[in-house]
>>> print(open('target.txt').read())   # compact mmCIF, C-alpha atoms
# COMPACT_ATOMS: atom_id res chain seq x y z
CA MET A 1 -34.80 69.60 -25.92
CA SER A 2 -35.48 69.68 -22.19
CA VAL A 3 -37.65 66.83 -20.98
CA GLY A 4 -39.55 68.85 -18.32
CA PRO A 5 -41.05 71.52 -20.61
CA PHE A 6 -41.65 68.91 -23.31
CA VAL A 7 -43.71 66.71 -20.95
CA ALA A 8 -45.56 69.74 -19.52
CA ARG A 9 -46.49 71.02 -23.00
CA THR A 10 -47.51 67.57 -24.17
CA LEU A 11 -49.72 67.03 -21.13
CA ALA A 12 -51.23 70.51 -21.53
CA LEU A 13 -52.11 69.72 -25.15
CA GLY A 14 -53.48 66.37 -24.07
CA HIS A 15 -55.66 68.08 -21.46
CA LYS A 16 -56.96 70.53 -24.07
CA GLU A 17 -57.76 67.67 -26.46
CA LEU A 18 -59.46 65.73 -23.66
CA LEU A 19 -61.76 68.70 -23.00
CA HIS A 20 -62.65 68.74 -26.70
CA VAL A 21 -63.46 65.02 -26.63
CA VAL A 22 -65.50 65.17 -23.41
CA ARG A 23 -67.61 68.04 -24.75
CA ASP A 24 -68.21 66.25 -28.06
CA ARG A 25 -71.24 64.00 -27.49
CA GLN A 26 -70.93 62.49 -30.96
CA ALA A 27 -67.34 61.40 -30.27
CA ILE A 28 -68.33 59.91 -26.89
CA TYR A 29 -71.15 57.94 -28.50
CA LEU A 30 -68.84 56.78 -31.30
CA ALA A 31 -66.17 55.75 -28.79
CA LEU A 32 -68.26 54.12 -26.06
CA GLY A 33 -71.70 53.30 -27.42
CA MET A 34 -70.99 52.10 -30.94
CA PRO A 35 -68.40 49.40 -30.01
CA VAL A 36 -70.82 47.65 -27.65
CA ILE A 37 -73.58 47.77 -30.26
CA LEU A 38 -71.26 46.39 -32.96
CA VAL A 39 -69.99 43.56 -30.74
CA LEU A 40 -73.58 42.63 -29.88
CA LEU A 41 -74.58 42.70 -33.53
CA PHE A 42 -71.58 40.81 -34.90
CA GLY A 43 -71.21 38.52 -31.91
CA TYR A 44 -74.67 37.07 -32.47
CA ALA A 45 -74.67 37.34 -36.27
CA VAL A 46 -71.18 36.05 -37.13
CA THR A 47 -71.19 32.39 -36.19
CA PHE A 48 -69.60 29.36 -37.78
CA ASP A 49 -71.78 26.89 -35.92
CA VAL A 50 -74.41 24.94 -37.84
CA GLU A 51 -77.49 24.03 -35.86
CA HIS A 52 -80.75 22.41 -36.91
CA LEU A 53 -79.88 22.32 -40.61
CA GLU A 54 -83.01 20.98 -42.28
CA LEU A 55 -82.54 17.78 -44.27
CA GLY A 56 -84.96 15.87 -46.44
CA VAL A 57 -84.95 12.08 -46.14
CA ILE A 58 -84.90 9.66 -49.09
CA ASP A 59 -84.84 6.25 -47.41
CA GLN A 60 -85.10 3.71 -50.22
CA ASP A 61 -83.97 0.83 -48.01
CA ARG A 62 -86.32 1.18 -45.00
CA SER A 63 -84.37 -1.36 -42.97
CA PRO A 64 -83.36 -1.35 -39.28
CA ALA A 65 -79.87 -0.28 -40.36
CA SER A 66 -81.17 2.74 -42.30
CA ARG A 67 -83.40 3.72 -39.39
CA ARG A 68 -80.42 3.54 -37.01
CA LEU A 69 -78.45 5.84 -39.30
CA LEU A 70 -81.34 8.32 -39.45
CA ALA A 71 -81.68 8.16 -35.68
CA ALA A 72 -77.99 9.06 -35.33
CA LEU A 73 -78.44 12.06 -37.65
CA ARG A 74 -81.61 13.07 -35.80
CA ALA A 75 -79.82 12.94 -32.45
CA SER A 76 -77.26 15.48 -33.64
CA ASP A 77 -77.99 19.16 -32.95
CA ALA A 78 -76.58 19.94 -36.38
CA PHE A 79 -79.47 18.42 -38.35
CA ARG A 80 -83.27 18.42 -38.29
CA LEU A 81 -84.82 15.74 -40.48
CA ARG A 82 -87.92 16.76 -42.45
CA GLU A 83 -89.33 13.25 -43.00
CA GLU A 84 -92.82 14.63 -43.58
CA LEU A 85 -91.71 16.00 -46.98
CA ARG A 86 -91.97 12.43 -48.39
CA LEU A 87 -89.12 12.59 -50.90
CA ASP A 88 -88.79 9.31 -52.83
CA ARG A 89 -86.04 9.97 -55.39
CA PRO A 90 -82.79 11.98 -55.30
CA GLU A 91 -84.05 14.09 -58.23
CA GLU A 92 -86.80 15.46 -56.00
CA ALA A 93 -84.20 16.96 -53.66
CA GLU A 94 -83.30 19.68 -56.19
CA ALA A 95 -86.90 20.87 -56.32
CA ALA A 96 -86.95 20.96 -52.51
CA PHE A 97 -83.74 23.04 -52.54
CA ARG A 98 -85.26 25.51 -55.02
CA ARG A 99 -88.40 25.85 -52.88
CA GLY A 100 -86.22 26.51 -49.85
CA ALA A 101 -87.89 23.62 -48.03
CA VAL A 102 -84.59 22.01 -47.01
CA ARG A 103 -80.87 22.76 -47.15
CA GLY A 104 -79.84 19.18 -47.84
CA ALA A 105 -81.07 15.61 -48.21
CA VAL A 106 -79.78 12.28 -46.94
CA VAL A 107 -80.15 9.45 -49.48
CA ILE A 108 -80.00 5.80 -48.39
CA ALA A 109 -79.97 3.45 -51.38
CA PRO A 110 -81.78 0.07 -51.52
CA GLY A 111 -79.73 -2.79 -50.05
CA PHE A 112 -78.00 -0.58 -47.48
CA GLY A 113 -78.90 -2.90 -44.60
CA ARG A 114 -78.02 -6.11 -46.47
CA THR A 115 -74.64 -4.72 -47.48
CA LEU A 116 -73.86 -3.80 -43.88
CA ALA A 117 -74.99 -7.24 -42.68
CA ARG A 118 -72.45 -8.84 -45.04
CA GLY A 119 -69.72 -6.77 -43.43
CA ARG A 120 -69.12 -4.63 -46.48
CA SER A 121 -68.92 -0.87 -46.92
CA ALA A 122 -72.38 0.66 -47.41
CA PRO A 123 -72.22 4.29 -48.54
CA PHE A 124 -75.04 6.75 -48.05
CA GLN A 125 -75.34 10.08 -49.82
CA LEU A 126 -75.68 13.57 -48.42
CA LEU A 127 -76.93 16.05 -51.04
CA MET A 128 -76.32 19.66 -50.03
CA ASP A 129 -77.37 23.05 -51.36
CA GLY A 130 -73.90 24.28 -52.30
CA SER A 131 -74.92 27.93 -52.67
CA ASP A 132 -73.88 28.33 -49.02
CA GLY A 133 -70.38 26.88 -49.16
CA THR A 134 -69.51 27.46 -45.50
CA ALA A 135 -72.61 25.72 -44.14
CA THR A 136 -72.09 22.89 -46.65
CA ARG A 137 -68.51 22.25 -45.55
CA ILE A 138 -69.45 22.29 -41.86
CA ALA A 139 -72.46 20.01 -42.46
CA LEU A 140 -70.26 17.53 -44.34
CA THR A 141 -67.84 17.53 -41.42
CA TYR A 142 -70.67 16.77 -38.98
CA ALA A 143 -72.04 14.02 -41.25
CA THR A 144 -68.57 12.45 -41.54
CA GLU A 145 -68.18 12.44 -37.75
CA ILE A 146 -71.58 10.78 -37.33
CA ALA A 147 -70.70 8.15 -39.95
CA GLN A 148 -67.39 7.45 -38.21
CA ARG A 149 -69.14 7.01 -34.86
CA GLU A 150 -71.66 4.62 -36.41
CA THR A 151 -68.83 2.69 -38.07
CA ALA A 152 -67.02 2.37 -34.75
CA ARG A 153 -70.21 1.18 -33.06
CA LEU A 154 -70.85 -1.45 -35.74
CA LEU A 155 -67.26 -2.70 -35.59
CA ALA A 156 -67.37 -2.97 -31.82
CA HIS A 157 -70.66 -4.86 -32.05
CA ALA A 158 -69.24 -7.21 -34.72
CA VAL A 159 -66.38 -8.29 -32.48
CA ARG A 160 -68.69 -8.53 -29.47
CA SER A 161 -67.72 -5.32 -27.74
CA ALA A 162 -63.99 -5.88 -28.02
CA PRO A 163 -62.01 -2.64 -27.99
CA LEU A 164 -61.19 -1.19 -31.39
CA PRO A 165 -57.53 -1.21 -32.49
CA LEU A 166 -57.64 2.55 -32.98
CA GLU A 167 -60.15 4.74 -31.26
CA PRO A 168 -59.70 8.50 -31.63
CA ARG A 169 -60.78 10.57 -28.64
CA VAL A 170 -60.82 14.20 -29.65
CA HIS A 171 -60.71 16.83 -26.91
CA PRO A 172 -60.36 20.41 -28.19
CA TRP A 173 -58.39 22.50 -25.73
CA PHE A 174 -59.20 26.12 -24.89
CA ASN A 175 -62.67 25.81 -26.45
CA PRO A 176 -64.02 22.34 -25.53
CA ASP A 177 -67.55 23.07 -26.76
CA MET A 178 -66.18 24.41 -30.09
CA ARG A 179 -68.30 27.56 -29.74
CA SER A 180 -67.61 29.97 -32.57
CA ALA A 181 -68.37 32.96 -30.32
CA LEU A 182 -65.20 32.26 -28.32
CA PHE A 183 -63.21 32.36 -31.55
CA VAL A 184 -65.02 35.31 -33.13
CA VAL A 185 -65.39 37.78 -30.24
CA PRO A 186 -61.65 38.36 -29.54
CA GLY A 187 -61.18 39.15 -33.21
CA LEU A 188 -64.24 41.37 -33.21
CA VAL A 189 -62.82 43.37 -30.31
CA ALA A 190 -59.73 44.24 -32.34
CA ILE A 191 -61.74 44.99 -35.49
CA VAL A 192 -64.38 47.19 -33.83
CA VAL A 193 -62.04 49.08 -31.51
CA GLY A 194 -59.44 49.50 -34.24
CA VAL A 195 -61.81 50.87 -36.88
CA LEU A 196 -63.53 53.28 -34.49
CA ALA A 197 -60.19 54.50 -33.12
CA VAL A 198 -58.95 55.24 -36.66
CA LEU A 199 -62.13 57.22 -37.37
CA LEU A 200 -61.98 59.13 -34.09
CA SER A 201 -58.38 60.23 -34.49
CA ALA A 202 -58.80 60.90 -38.22
CA LEU A 203 -61.29 63.60 -37.30
CA ALA A 204 -59.02 65.21 -34.67
CA VAL A 205 -56.57 67.25 -36.75
CA ALA A 206 -58.92 67.53 -39.73
CA ARG A 207 -61.37 69.31 -37.42
CA GLU A 208 -58.63 71.72 -36.32
CA TRP A 209 -57.83 72.58 -39.94
CA GLU A 210 -61.47 73.14 -40.87
CA ARG A 211 -62.25 75.32 -37.84
CA GLY A 212 -59.07 77.36 -38.27
CA SER A 213 -57.89 76.62 -34.74
CA MET A 214 -54.66 75.18 -36.16
CA GLU A 215 -53.37 78.75 -36.52
CA GLN A 216 -53.67 79.21 -32.76
CA LEU A 217 -51.70 76.00 -32.28
CA PHE A 218 -48.93 77.37 -34.52
CA ALA A 219 -48.66 80.41 -32.29
CA THR A 220 -47.77 78.26 -29.27
CA PRO A 221 -44.17 77.18 -28.51
CA VAL A 222 -44.95 73.46 -28.67
CA GLY A 223 -43.06 71.16 -31.01
CA ARG A 224 -44.48 68.78 -33.59
CA LEU A 225 -43.94 65.68 -31.46
CA SER A 226 -45.77 67.33 -28.54
CA VAL A 227 -48.72 68.10 -30.81
CA VAL A 228 -48.91 64.51 -32.06
CA LEU A 229 -48.53 62.95 -28.62
CA GLY A 230 -50.86 65.49 -27.04
CA LYS A 231 -53.59 64.52 -29.48
CA LEU A 232 -52.92 60.81 -29.03
CA LEU A 233 -53.00 60.67 -25.22
CA PRO A 234 -56.71 61.37 -24.56
CA TYR A 235 -57.73 59.02 -27.35
CA VAL A 236 -55.51 56.26 -25.94
CA ALA A 237 -57.27 56.68 -22.57
CA LEU A 238 -60.66 56.69 -24.29
CA GLY A 239 -59.67 53.64 -26.31
CA VAL A 240 -58.69 51.70 -23.18
CA VAL A 241 -62.13 52.42 -21.70
CA GLN A 242 -63.63 51.39 -25.04
CA LEU A 243 -61.70 48.13 -25.05
CA LEU A 244 -62.68 47.31 -21.46
CA LEU A 245 -66.33 47.95 -22.28
CA VAL A 246 -66.23 45.67 -25.29
CA LEU A 247 -64.36 42.92 -23.42
CA SER A 248 -66.83 43.16 -20.54
CA ALA A 249 -69.72 42.81 -22.99
CA GLY A 250 -67.99 39.79 -24.55
CA ALA A 251 -67.44 38.17 -21.15
CA TRP A 252 -70.99 38.84 -19.97
CA LEU A 253 -72.88 37.88 -23.13
CA PHE A 254 -70.63 35.24 -24.71
CA ASP A 255 -68.67 33.89 -21.70
CA VAL A 256 -65.36 34.88 -23.24
CA PRO A 257 -62.75 34.20 -20.52
CA LEU A 258 -59.53 36.02 -19.64
CA ARG A 259 -56.98 33.27 -18.99
CA GLY A 260 -53.85 35.41 -19.41
CA SER A 261 -52.39 38.37 -17.55
CA PHE A 262 -54.45 41.55 -17.25
CA LEU A 263 -51.26 43.64 -17.36
CA LEU A 264 -50.25 42.03 -20.64
CA LEU A 265 -53.76 42.69 -21.94
CA ALA A 266 -53.38 46.36 -20.98
CA LEU A 267 -49.99 46.51 -22.72
CA VAL A 268 -51.42 44.97 -25.90
CA ALA A 269 -54.34 47.41 -25.75
CA VAL A 270 -52.13 50.50 -25.39
CA LEU A 271 -49.72 49.45 -28.17
CA PHE A 272 -52.59 48.56 -30.50
CA LEU A 273 -54.33 51.86 -29.79
CA VAL A 274 -51.15 53.83 -30.48
CA CYS A 275 -50.95 52.09 -33.87
CA VAL A 276 -54.54 52.68 -34.97
CA LEU A 277 -54.70 56.20 -33.51
CA GLY A 278 -51.40 57.01 -35.23
CA GLN A 279 -52.90 55.73 -38.48
CA GLY A 280 -55.92 57.99 -38.01
CA LEU A 281 -53.75 61.03 -37.16
CA LEU A 282 -51.63 60.45 -40.24
CA ILE A 283 -54.78 60.35 -42.37
CA SER A 284 -56.04 63.58 -40.86
CA MET A 285 -52.65 65.28 -41.34
CA VAL A 286 -52.71 64.40 -45.04
CA THR A 287 -56.37 65.04 -45.85
CA ARG A 288 -57.12 68.10 -43.59
CA ASN A 289 -60.81 67.52 -44.27
CA GLN A 290 -63.22 65.67 -41.97
CA GLN A 291 -65.31 64.18 -44.75
CA VAL A 292 -62.33 62.88 -46.72
CA ALA A 293 -60.59 61.74 -43.52
CA THR A 294 -63.67 59.76 -42.52
CA GLN A 295 -63.86 58.02 -45.90
CA VAL A 296 -60.14 57.22 -46.05
CA GLY A 297 -60.18 56.11 -42.40
CA ALA A 298 -63.15 53.80 -42.95
CA VAL A 299 -61.67 52.15 -46.05
CA SER A 300 -58.11 51.84 -44.71
CA GLY A 301 -59.37 50.66 -41.34
CA ILE A 302 -62.09 48.17 -42.23
CA LEU A 303 -60.83 46.32 -45.30
CA PRO A 304 -57.29 45.40 -44.15
CA ALA A 305 -58.56 44.57 -40.66
CA LEU A 306 -61.19 42.20 -42.02
CA LEU A 307 -59.25 40.60 -44.87
CA LEU A 308 -55.57 40.63 -43.86
CA SER A 309 -55.63 40.19 -40.10
CA GLY A 310 -56.47 36.51 -39.84
CA PHE A 311 -59.95 37.30 -38.53
CA LEU A 312 -61.82 35.67 -41.43
CA PHE A 313 -59.10 33.85 -43.36
CA PRO A 314 -55.92 32.17 -42.05
CA ILE A 315 -52.89 34.28 -42.94
CA ASP A 316 -50.80 31.17 -43.67
CA ASN A 317 -53.19 30.27 -46.51
CA MET A 318 -52.76 33.64 -48.25
CA PRO A 319 -50.33 34.30 -51.13
CA LEU A 320 -46.88 35.40 -50.00
CA VAL A 321 -47.47 38.98 -51.19
CA LEU A 322 -50.56 39.36 -49.00
CA GLN A 323 -48.78 37.69 -46.08
CA GLY A 324 -46.10 40.37 -46.39
CA ILE A 325 -48.66 43.21 -46.55
CA SER A 326 -50.42 41.84 -43.48
CA HIS A 327 -47.37 42.74 -41.38
CA VAL A 328 -48.37 46.44 -41.56
CA VAL A 329 -51.93 45.75 -40.39
CA PRO A 330 -52.15 46.36 -36.60
CA ALA A 331 -55.17 44.08 -36.24
CA ARG A 332 -53.00 41.11 -37.30
CA TYR A 333 -50.93 41.37 -34.12
CA ALA A 334 -53.84 42.41 -31.89
CA ILE A 335 -56.09 39.50 -32.89
CA ALA A 336 -53.35 36.93 -32.35
CA ALA A 337 -52.47 38.48 -28.99
CA LEU A 338 -56.09 38.75 -27.81
CA ARG A 339 -56.87 35.14 -28.74
CA GLY A 340 -53.70 34.03 -26.98
CA LEU A 341 -54.45 36.04 -23.85
CA LEU A 342 -58.19 35.46 -23.59
CA LEU A 343 -58.48 31.82 -24.66
CA GLN A 344 -55.05 30.22 -24.34
CA GLY A 345 -53.61 32.07 -21.34
CA TYR A 346 -50.42 32.99 -23.15
CA GLY A 347 -47.68 34.90 -21.37
CA PHE A 348 -44.95 37.24 -22.51
CA SER A 349 -42.76 34.41 -23.85
CA GLN A 350 -45.47 33.47 -26.38
CA LEU A 351 -46.71 36.99 -27.16
CA TRP A 352 -43.46 38.91 -27.61
CA PRO A 353 -43.61 38.73 -31.45
CA GLN A 354 -47.02 40.41 -31.42
CA LEU A 355 -45.88 42.99 -28.85
CA LEU A 356 -42.75 43.73 -30.86
CA GLY A 357 -44.77 44.06 -34.08
CA LEU A 358 -47.23 46.49 -32.48
CA ALA A 359 -44.45 48.55 -30.85
CA ALA A 360 -42.49 48.84 -34.10
CA LEU A 361 -45.58 49.73 -36.12
CA GLY A 362 -46.74 52.28 -33.53
CA ALA A 363 -43.32 53.96 -33.40
CA PHE A 364 -43.18 54.09 -37.19
CA LEU A 365 -46.64 55.66 -37.51
CA VAL A 366 -45.98 58.27 -34.81
CA ALA A 367 -42.64 59.15 -36.44
CA VAL A 368 -44.16 59.49 -39.92
CA THR A 369 -47.07 61.54 -38.55
CA THR A 370 -44.66 63.86 -36.73
CA LEU A 371 -42.54 64.34 -39.82
CA ARG A 372 -45.65 64.94 -41.94
CA PHE A 373 -46.88 67.68 -39.59
CA ARG A 374 -45.88 71.12 -40.87
CA ARG A 375 -46.29 74.37 -38.97
CA ARG A 376 -47.55 76.33 -41.92
CA LEU A 377 -50.86 77.08 -43.63
CA ASP A 378 -50.90 76.12 -47.31
>>> encode(input="target.txt", output="structure tokens")
Amino acid sequence: MSVGPFVARTLALGHKELLHVVRDRQAIYLALGMPVILVLLFGYAVTFDVEHLELGVIDQDRSPASRRLLAALRASDAFRLREELRLDRPEEAEAAFRRGAVRGAVVIAPGFGRTLARGRSAPFQLLMDGSDGTATRIALTYATEIAQRETARLLAHAVRSAPLPLEPRVHPWFNPDMRSALFVVPGLVAIVVGVLAVLLSALAVAREWERGSMEQLFATPVGRLSVVLGKLLPYVALGVVQLLLVLSAGAWLFDVPLRGSFLLLALVAVLFLVCVLGQGLLISMVTRNQQVATQVGAVSGILPALLLSGFLFPIDNMPLVLQGISHVVPARYAIAALRGLLLQGYGFSQLWPQLLGLAALGAFLVAVTTLRFRRRLD
């Protein structure tokens, strides 16, 4: 096979497909408008921060020590104390939960102040509405941190401001304010762009089969690989624009930085797009029907990307079988690479496993799609 005619035919097919895409307003909206809308929606809606969680107060001690503890909780942005509810007993907290008046209640038992004054451990209770497990776990973490700070302050005061033997000073790198948007948005970019790219390319060949234009393609002297690559090229270009739009929206609205190399980001984007577009083309080759291709593309694109990519759940915590399956999910590599590039400033030496995974998966999908393509009408 001569390289010159092969490249010329591939580019000609790519140009033809680009004209189809440019003239299709629905595809342009799906490619450029929908990703920005989805990032806006998910970026603001998907957050792991807990702010102003409403707590009832059951202060049965009413001592200076209990008031200091409540003041420390009140000073935190995580909690908002609803002292006007006048809860007197822990049993009343359940009724407040059922009414939706509060999400939790802090209970300080009688003798709290006296116990502290004797230098002994004085526990307080935090009752939480466990129907929202995520918020409960985060609230317990905040409450534990506040209790530890108060303990350190009391110990320092007891030894007349002498330094504590051990004093942890936590400084989170890459995300010092611990904003969930910085963690969520890079993953969202891969999820949104990946799912829409699968849907776009899944419609490409299926549309040709339904309109009967595939017969005209058979009459041309182009090979199967040229057809596959010719259909991929315009969508890769469109996907790069799509990715830049989404990243720009993330940087503008959520202050997501780019600490790594732009060239590496472009390389990750192209390899990831080849994978997801190849997945969509393979679906369209098999289904030959736009409606079925859309359904299969949506299911095979959304579910693995959400559940097996590390976006919602750490891959290391999954069973070994699911960890193995996750290696064929392109979003797994893209999310790790985007977080490394955008937040941690990783270079090639840290990102080569993700690049290698995307390259191998992309080559495999293009090869299988090419082999699956048959120049005949069944």
>>> residues_around(input="target.txt", residues="stretch 335-343 of chain A", least_positions_apart="3", cutoff="9 Å", atoms="only C-alpha atoms", output="JSON, numbers by chain")
{"A": [174, 175, 182, 183, 186, 187, 188, 189, 190, 191, 256, 257, 258, 259, 260, 261, 262, 264, 265, 268, 309, 310, 311, 330, 331, 332, 346, 347, 350, 351, 354, 355]}
>>> closest_residue(input="target.txt", among="A:Ala122, A:Leu13, A:Ile37, A:Val328", to="A:Ser300", atoms="all atoms listed in the file")
A:Val328
>>> closest_atom_pairs(input="target.txt", of="stretch 279-326 of chain A", to="stretch 204-223 of chain A", cutoff="7 Å", atoms="all atoms listed in the file", output="JSON lines")
{"residue": "A:Leu281", "atom": "CA", "partner": "A:Val205", "partner_atom": "CA", "distance": 6.8}
{"residue": "A:Ser284", "atom": "CA", "partner": "A:Ala206", "partner_atom": "CA", "distance": 5.0}
{"residue": "A:Met285", "atom": "CA", "partner": "A:Val205", "partner_atom": "CA", "distance": 6.3}
{"residue": "A:Arg288", "atom": "CA", "partner": "A:Ala206", "partner_atom": "CA", "distance": 4.3}
{"residue": "A:Asn289", "atom": "CA", "partner": "A:Ala206", "partner_atom": "CA", "distance": 4.9}
{"residue": "A:Gln290", "atom": "CA", "partner": "A:Ala206", "partner_atom": "CA", "distance": 5.2}
>>> write_last_selection(input="target.txt", atoms="C-alpha atoms", output="mmCIF file, in the coordinates of the input")
data_model
loop_
_atom_site.group_PDB
_atom_site.id
_atom_site.type_symbol
_atom_site.label_atom_id
_atom_site.label_comp_id
_atom_site.auth_asym_id
_atom_site.auth_seq_id
_atom_site.Cartn_x
_atom_site.Cartn_y
_atom_site.Cartn_z
ATOM 1 C CA LEU A 281 -53.750 61.030 -37.160
ATOM 2 C CA SER A 284 -56.040 63.580 -40.860
ATOM 3 C CA MET A 285 -52.650 65.280 -41.340
ATOM 4 C CA ARG A 288 -57.120 68.100 -43.590
ATOM 5 C CA ASN A 289 -60.810 67.520 -44.270
ATOM 6 C CA GLN A 290 -63.220 65.670 -41.970
#
>>> closest_residue(input="target.txt", among="A:Leu365, A:Phe6, A:Tyr235, A:Ala96", to="A:Leu19", atoms="only C-alpha atoms")
A:Tyr235
>>> closest_residue(input="target.txt", among="A:Leu356, A:Leu277, A:Leu200, A:Ala135", to="A:Val21", atoms="all atoms listed in the file")
A:Leu200
>>> closest_residue(input="target.txt", among="A:Cys275, A:Leu40, A:Leu154, A:Leu199", to="A:Val185", atoms="only C-alpha atoms")
A:Leu40
>>> residues_around(input="target.txt", residues="stretch 70-80 of chain A", least_positions_apart="4", cutoff="7 Å", atoms="only C-alpha atoms", output="PyMOL selection string")
chain A and resi 50-55+66+146
>>> atom_distance(input="target.txt", atom1="atom CA of A:Val274", atom2="atom CA of A:Ala8")
20.1 Å
